[in-house]
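Single-structure report; data block below.
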Amino acid sequence: MIDAHHHLWDPAVRAYPWLDPEALAPIHRPYTLGDLQGRTAAHDVTATVLVQTVATAEETDAFLATARASDGLVAGVVGWTDLTAPELALPEDPLLVGIRHQVEDEPDPRWLTRADVRRSLAALGARGLAYDVLVRAPQRQAALECVRALDEVRFVLDHAGKPGIAAGEWAPWAAWITEAAACPNTVCKLSGLVTEAPWCTWTAALLRPYAEHVLAAFGADRVLFGSDWPVCELAGGYGAVRALADELLGGCTATERAAVLGGTARRVYGLDLYGPDIG
């Protein structure tokens with residue numbers, strides 16, 4: 001069981017521009033490796049992917065150190081690097097499995113079409129690293145153009161492209177998912193849906209059409225589960241999201257469930273869950 005998308009942070013250590021201390025007060029506190037270990041042990045999660053939260057290389061270095069100290073729990077890190085820099089600067093660390101930038105916060109909705117960004121993404125692909133795509137509706141078209149233009153890069157759509165569930169969005173998002181799924185270099189995370197829905201009143205029935213559309217478009221071997229913890233604490237917590245995944249996958253075969261809950265993440269991120277000496 002792999003949780004392919006979670007975070008750790010400490011507002012006392014670094015600033016998180018998106019982590020508003022008032023609007024997001026329930027999660028404006030430290031979340032540590034110890035907290036993660038408690039959540040995963042309680043819900044039979046054996047490995048995770050730790051994903052960036054802020055645009056700084058220092059966080060990536062800290063996350064890699066956390067992964068090394070996690071006794072194998074954090075099997076990979078999706079970090080950050082400046083994709084607009086003339087040369088790509090990346091740690092030489094096997095635990096670095098991908099890169100992410102918070103494109104949803106860029107003023108330019110076509111940021112992913114910049115020549116320097118495309119050059120850096122191509123370099124990521126040459127290094128065998130995945131790129132996590134974090135976009136909302138304004139950036140989706142540019143993201144689609146990007147994945148079509150760079151078929152040698154593995155793209156991972158975070159949170160299924162953040163459908164506006166609370167506002168009732170369906171058609172624009174659903175069509176985009178279908179188009180993205182037509183790109184064989186792209187996979188999709190079944191994550192973050194509870195916080196795109198009404199936080200206090202979401203139900204599995206409300207979220208099921210979104211999950212079923214992702215699964216139908218991509219197929220289970222191109223979908224991967226992520227808790228989006230601790231962000232999910234805003235809408236129910238780790239246990240609720242883990243239980244939701246089981247409910248949404250209730251119509252899948254055992255093979256399909258195994259893919260979504262672990263196999264896809266292991267393949268896409270190249271996770272070494274056994275270590276170099278076990279074969």
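Residues are referred to by chain and number: the chain letter is A, B, ... according to the order shown in the structure tokens, the number counts from 1 in that chain, and ligands are numbered separately from 1 in the order shown.
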Produce a table with one row for each residue of stretch 4-42 of chain A that has an atom at most 10 Å from any atom of stretch 49-66 of chain A, each row naming the nearest atom pair and its distance in Å at one decimal; use only C-alpha atoms; arrange rows by chain and rising residue number; format as JSON lines.
```
{"residue": "A:Ala4", "atom": "CA", "partner": "A:Val49", "partner_atom": "CA", "distance": 4.7}
{"residue": "A:His5", "atom": "CA", "partner": "A:Val49", "partner_atom": "CA", "distance": 5.5}
{"residue": "A:His6", "atom": "CA", "partner": "A:Leu50", "partner_atom": "CA", "distance": 5.3}
{"residue": "A:His7", "atom": "CA", "partner": "A:Val51", "partner_atom": "CA", "distance": 5.4}
{"residue": "A:Leu8", "atom": "CA", "partner": "A:Leu50", "partner_atom": "CA", "distance": 7.5}
{"residue": "A:Trp9", "atom": "CA", "partner": "A:Thr53", "partner_atom": "CA", "distance": 7.7}
{"residue": "A:Val13", "atom": "CA", "partner": "A:Glu59", "partner_atom": "CA", "distance": 10.0}
{"residue": "A:Arg14", "atom": "CA", "partner": "A:Glu59", "partner_atom": "CA", "distance": 8.7}
{"residue": "A:Ala15", "atom": "CA", "partner": "A:Val54", "partner_atom": "CA", "distance": 8.1}
{"residue": "A:Tyr16", "atom": "CA", "partner": "A:Val54", "partner_atom": "CA", "distance": 6.2}
{"residue": "A:Pro17", "atom": "CA", "partner": "A:Val54", "partner_atom": "CA", "distance": 7.8}
{"residue": "A:Trp18", "atom": "CA", "partner": "A:Val54", "partner_atom": "CA", "distance": 8.6}
{"residue": "A:Leu19", "atom": "CA", "partner": "A:Thr53", "partner_atom": "CA", "distance": 9.5}
{"residue": "A:Thr32", "atom": "CA", "partner": "A:Thr66", "partner_atom": "CA", "distance": 9.3}
{"residue": "A:Leu33", "atom": "CA", "partner": "A:Thr66", "partner_atom": "CA", "distance": 7.2}
```
How would the residues just chosen look if you wrote them out with C-alpha atoms as a PDB file, in the first residue's frame?
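Saved to result13.pdb:
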```
ATOM      1  CA  ALA A   4       1.728   8.571  -3.471  1.00  0.00           C
ATOM      2  CA  HIS A   5       1.022  12.111  -2.313  1.00  0.00           C
ATOM      3  CA  HIS A   6       1.482  13.689   1.093  1.00  0.00           C
ATOM      4  CA  HIS A   7       3.370  16.584   2.657  1.00  0.00           C
ATOM      5  CA  LEU A   8       5.233  17.601   5.786  1.00  0.00           C
ATOM      6  CA  TRP A   9       5.788  21.168   6.976  1.00  0.00           C
ATOM      7  CA  VAL A  13      11.037  26.713  10.011  1.00  0.00           C
ATOM      8  CA  ARG A  14      10.018  28.298   6.698  1.00  0.00           C
ATOM      9  CA  ALA A  15       7.284  30.413   5.157  1.00  0.00           C
ATOM     10  CA  TYR A  16       4.489  28.812   3.140  1.00  0.00           C
ATOM     11  CA  PRO A  17       2.769  31.546   1.099  1.00  0.00           C
ATOM     12  CA  TRP A  18      -0.288  29.372   0.453  1.00  0.00           C
ATOM     13  CA  LEU A  19      -0.750  28.303   4.105  1.00  0.00           C
ATOM     14  CA  THR A  32       6.402  15.776  11.269  1.00  0.00           C
ATOM     15  CA  LEU A  33       7.748  12.393  10.255  1.00  0.00           C
TER      16      LEU A  33
END
```
task: Assign secondary structure with DSSP using the backbone only, and return the residues of stretch 38-229 of chain A in alpha helix (DSSP H) as number ranges by chain.
output: A: 38-42, 57-68, 115-126, 140-149, 171-181, 193-196, 204-218
message: Give me the residues near A:Gln141 as a ChimeraX atom specification, where near means some atom within 12 Å (using only C-alpha atoms) and where sequence neighbours in that chain fewer than 2 positions away do not count.
response: /A:109-113,135-139,143-148,161,172-173,175-177,179-180
message: DSSP on the backbone, strand (DSSP E or B) only: what residues of stretch 23-158 of chain A does that give? Format it as JSON, numbers by chain.
response: {"A": [31, 47, 48, 49, 50, 51, 74, 75, 76, 77, 78, 79, 96, 97, 98, 99, 100, 101, 130, 131, 132, 133, 154, 155, 156, 157]}
- request: Skip A:Ala211 itself and residues of its chain fewer than 6 positions away, then list as a list in words all residues within 9 Å of it, counting only C-alpha atoms.
  value: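 Listed by chain and then number, they are Ala160, Leu190, Leu193, Leu248 and Leu249 of chain A.
Minimum atom-to-atom distances from A:Pro184, A:Gly168, A:Pro11, A:Gly219 to A:Glu196 were compared using only C-alpha atoms, and the lowest value belongs to A:Gly168.
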query: Which residues come within 7 Å of A:Val223, counting only C-alpha atoms, excluding same-chain residues fewer than 3 positions away, as a list in words?
result: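 Using only C-alpha atoms, the neighbours found are Val187, Cys188, Lys189, Leu190, Leu215, Phe218, Gly219, Ala220, Val260 and Thr264 of chain A.
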- prompt: Neighbours of A:Ala149 within 12 Å (only C-alpha atoms; same-chain residues fewer than 5 positions away dropped), as a PyMOL selection string?
  reply: chain A and resi 112-113+115+118-119+121-122+142-144+154-155+183+185-186
